[in-house]
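Engineer: If it helps, the file is called protein22.pdb and holds PDB, C-alpha atoms and all ligand atoms:
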MODEL        1
ATOM      1  CA  MET A   1     -13.614  -0.602 -23.054
ATOM      2  CA  ALA A   2     -11.598  -0.357 -19.919
ATOM      3  CA  ILE A   3      -9.636  -2.776 -17.788
ATOM      4  CA  VAL A   4     -11.175  -3.005 -14.356
ATOM      5  CA  SER A   5     -10.900  -5.317 -11.379
ATOM      6  CA  CYS A   6     -13.447  -8.071 -10.893
ATOM      7  CA  PRO A   7     -15.605  -7.039  -7.901
ATOM      8  CA  PHE A   8     -15.554 -10.662  -6.737
ATOM      9  CA  CYS A   9     -11.965 -11.807  -7.059
ATOM     10  CA  GLY A  10     -10.117  -8.534  -7.750
ATOM     11  CA  LYS A  11      -8.333  -9.763 -10.890
ATOM     12  CA  LYS A  12      -8.066  -7.656 -14.050
ATOM     13  CA  ILE A  13     -10.924  -8.072 -16.518
ATOM     14  CA  SER A  14     -12.596  -6.115 -19.294
ATOM     15  CA  SER A  15     -15.384  -3.814 -18.136
ATOM     16  CA  LYS A  16     -17.523  -5.317 -20.941
ATOM     17  CA  ALA A  17     -17.032  -8.959 -19.932
ATOM     18  CA  ALA A  18     -20.245 -10.876 -19.163
ATOM     19  CA  THR A  19     -18.500 -13.204 -16.745
ATOM     20  CA  CYS A  20     -15.173 -12.974 -14.997
ATOM     21  CA  ASN A  21     -12.706 -15.255 -16.759
ATOM     22  CA  HIS A  22     -10.830 -15.793 -13.505
ATOM     23  CA  CYS A  23     -13.542 -16.698 -11.007
ATOM     24  CA  GLY A  24     -16.487 -17.235 -13.382
ATOM     25  CA  GLN A  25     -18.828 -14.864 -11.542
ATOM     26  CA  GLY A  26     -21.560 -13.413 -13.765
ATOM     27  CA  LEU A  27     -21.154  -9.703 -14.314
ATOM     28  CA  ALA A  28     -24.299  -9.183 -16.396
ATOM     29  CA  GLU A  29     -26.163  -7.499 -13.551
ATOM     30  CA  VAL A  30     -23.152  -5.325 -12.783
ATOM     31  CA  THR A  31     -22.971  -2.294 -15.075
ATOM     32  CA  PRO A  32     -19.619  -1.130 -16.489
ATOM     33  CA  GLU A  33     -20.085   2.041 -14.453
ATOM     34  CA  GLN A  34     -20.426   0.022 -11.252
ATOM     35  CA  LEU A  35     -17.384  -2.010 -12.236
ATOM     36  CA  GLU A  36     -15.343   1.107 -12.832
ATOM     37  CA  ARG A  37     -16.558   2.613  -9.579
ATOM     38  CA  SER A  38     -15.632  -0.483  -7.573
ATOM     39  CA  ASP A  39     -12.245  -0.447  -9.312
ATOM     40  CA  ARG A  40     -11.776   3.218  -8.389
ATOM     41  CA  ASP A  41     -12.795   2.513  -4.783
ATOM     42  CA  ARG A  42     -10.325  -0.348  -4.592
ATOM     43  CA  ARG A  43      -7.505   1.804  -6.007
ATOM     44  CA  LEU A  44      -8.412   4.603  -3.614
ATOM     45  CA  LYS A  45      -8.286   2.238  -0.648
ATOM     46  CA  LEU A  46      -4.945   0.831  -1.782
ATOM     47  CA  ASN A  47      -3.610   4.339  -2.299
ATOM     48  CA  GLN A  48      -4.761   5.278   1.204
ATOM     49  CA  SER A  49      -3.217   2.156   2.686
ATOM     50  CA  ILE A  50       0.174   2.816   1.043
ATOM     51  CA  ASN A  51       0.008   6.423   2.243
ATOM     52  CA  ASN A  52      -0.720   5.240   5.781
ATOM     53  CA  HIS A  53       2.244   2.885   5.658
ATOM     54  CA  ALA A  54       4.550   5.688   4.494
ATOM     55  CA  MET A  55       3.210   7.937   7.264
ATOM     56  CA  ILE A  56       3.645   5.353  10.038
ATOM     57  CA  ALA A  57       7.146   4.544   8.764
ATOM     58  CA  LEU A  58       8.038   8.230   8.764
ATOM     59  CA  ILE A  59       6.729   8.741  12.313
ATOM     60  CA  LEU A  60       8.620   5.661  13.466
ATOM     61  CA  PHE A  61      11.777   6.941  11.823
ATOM     62  CA  LEU A  62      11.444  10.413  13.335
ATOM     63  CA  GLY A  63      10.637   8.861  16.715
ATOM     64  CA  SER A  64      13.716   6.656  16.689
ATOM     65  CA  PHE A  65      15.836   9.519  15.373
ATOM     66  CA  LEU A  66      14.648  11.865  18.135
ATOM     67  CA  TYR A  67      15.247   9.131  20.701
ATOM     68  CA  PHE A  68      18.796   8.759  19.401
ATOM     69  CA  TYR A  69      19.323  12.519  19.388
ATOM     70  CA  TYR A  70      17.993  13.302  22.860
ATOM     71  CA  LYS A  71      18.619  10.121  24.843
ATOM     72  CA  MET A  72      22.019   9.313  23.325
ATOM     73  CA  PRO A  73      21.855   5.571  24.075
ATOM     74  CA  GLU A  74      25.181   4.198  25.234
ATOM     75  CA  PRO A  75      27.356   2.846  22.386
ATOM     76  CA  GLY A  76      27.086  -0.924  22.119
ATOM     77  CA  SER A  77      24.112  -1.089  24.481
ATOM     78  CA  LEU A  78      20.911  -2.957  23.724
ATOM     79  CA  ALA A  79      19.050   0.357  23.619
ATOM     80  CA  GLN A  80      21.362   1.655  20.914
ATOM     81  CA  ASN A  81      21.106  -1.537  18.880
ATOM     82  CA  LEU A  82      17.321  -1.452  19.081
ATOM     83  CA  ASN A  83      17.422   2.232  18.200
ATOM     84  CA  TYR A  84      19.557   1.609  15.097
ATOM     85  CA  THR A  85      17.360  -1.314  14.104
ATOM     86  CA  ALA A  86      14.210   0.794  14.428
ATOM     87  CA  MET A  87      15.778   3.587  12.367
ATOM     88  CA  ALA A  88      16.961   1.213   9.649
ATOM     89  CA  LEU A  89      13.682  -0.715   9.459
ATOM     90  CA  SER A  90      11.503   2.379   9.370
ATOM     91  CA  ALA A  91      13.741   3.968   6.716
ATOM     92  CA  ILE A  92      13.476   0.813   4.586
ATOM     93  CA  TRP A  93       9.726   0.625   5.203
ATOM     94  CA  TYR A  94       9.363   4.256   4.152
ATOM     95  CA  ILE A  95      11.363   3.736   0.952
ATOM     96  CA  VAL A  96       9.398   0.564   0.122
ATOM     97  CA  SER A  97       6.130   2.478   0.596
ATOM     98  CA  LYS A  98       7.358   5.259  -1.684
ATOM     99  CA  VAL A  99       8.413   2.754  -4.360
ATOM    100  CA  ARG A 100       5.011   1.027  -4.090
ATOM    101  CA  MET A 101       3.374   4.429  -4.525
ATOM    102  CA  ILE A 102       5.393   5.129  -7.695
ATOM    103  CA  LEU A 103       4.595   1.681  -9.128
ATOM    104  CA  PHE A 104       0.924   2.091  -8.196
ATOM    105  CA  LYS A 105       0.670   5.450  -9.976
ATOM    106  CA  ARG A 106       2.252   3.996 -13.132
ATOM    107  CA  GLN A 107      -0.494   1.382 -13.502
TER
HETATM  108 ZN    ZN B   1     -13.517 -12.611 -10.764
ENDMDL
END
Before anything else, please render the file you have as structure tokens.
Ligand SMILES: [Zn+2]

Structural biologist:
Amino acid sequence: MAIVSCPFCGKKISSKAATCNHCGQGLAEVTPEQLERSDRDRRLKLNQSINNHAMIALILFLGSFLYFYYKMPEPGSLAQNLNYTAMALSAIWYIVSKVRMILFKRQ
């Protein structure tokens, strides 16, 4: 027996359950193999999505860092404030994505 996600509502259920105890959908016509496959697909998609987030955050961070490095926005200017904000937000976003990835892999 394995814990899989309901293909209808996405909540955790037993792969042997006849009906989902969260949404009540009948699972009789869905084989445990199909359930496990849909669970794997869902995890794969989530994994991909977290990876994409980390990648976009990294590009954003590098972009704002390069902007800072080459353009040297004037201290106290709006450009510099926006630049710092972009760097900080993308760094936080990147770290959050990495933490999500670690938590996801622990499941
Ligand atoms: Zn369900």

Engineer: Residues within 12 Å of Ser49 (chain A), please, as a list of chain:residue names. Count all atoms listed in the file; anything in the same chain fewer than 3 positions from it doesn't count.

Structural biologist: A:Arg42, A:Arg43, A:Leu44, A:Lys45, A:Leu46, A:Asn52, A:His53, A:Ala54, A:Met55, A:Ile56, A:Ser97, A:Lys98, A:Arg100, A:Met101, A:Phe104

Engineer: May I have a table of the residues of chain A lying at most 8 Å from ligand ZN 1 (chain B), giving each one's closest pair of atoms and their distance in Å to one decimal, counting only C-alpha atoms and all ligand atoms, ordered by chain and ascending residue number, as CSV?

Structural biologist:
residue,atom,partner,partner_atom,distance
A:Ser5,CA,B:ZN1,ZN,7.8
A:Cys6,CA,B:ZN1,ZN,4.5
A:Pro7,CA,B:ZN1,ZN,6.6
A:Phe8,CA,B:ZN1,ZN,4.9
A:Cys9,CA,B:ZN1,ZN,4.1
A:Gly10,CA,B:ZN1,ZN,6.1
A:Lys11,CA,B:ZN1,ZN,5.9
A:Ile13,CA,B:ZN1,ZN,7.8
A:Thr19,CA,B:ZN1,ZN,7.8
A:Cys20,CA,B:ZN1,ZN,4.6
A:Asn21,CA,B:ZN1,ZN,6.6
A:His22,CA,B:ZN1,ZN,5.0
A:Cys23,CA,B:ZN1,ZN,4.1
A:Gly24,CA,B:ZN1,ZN,6.1
A:Gln25,CA,B:ZN1,ZN,5.8

Engineer: One number please: CA of Val4 (chain A) to CA of Ile102 (chain A), in Å, one decimal.

Structural biologist: 19.6 Å

Engineer: Which is closest to Met1 (chain A) among A:Thr85, A:Ala57, A:Leu35, A:Ser77, if we use all atoms listed in the file?

Structural biologist: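 Ranked by minimum distance to Met1 (chain A), first place goes to A:Leu35.
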
Engineer: Would you kindly return, as a list of chain:residue names, each protein, DNA or RNA residue with an atom no farther than 10 Å from any atom of Glu33 (chain A), considering only C-alpha atoms and excluding same-chain residues fewer than 5 positions away?

Structural biologist: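 Everything that qualifies: A:Ser15, A:Ser38, A:Asp39.
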
Engineer: What separation in Å, quoted to one decimal, exists between CA of Gln34 (chain A) and CA of Lys105 (chain A)?

Structural biologist: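 Calculated distance between CA of Gln34 (chain A) and CA of Lys105 (chain A) is 21.8 Å.
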
Engineer: Nearest residue to Met87 (chain A) out of A:Ala17, A:Leu58, A:Val99, A:Met72, using all atoms listed in the file?

Structural biologist: A:Leu58
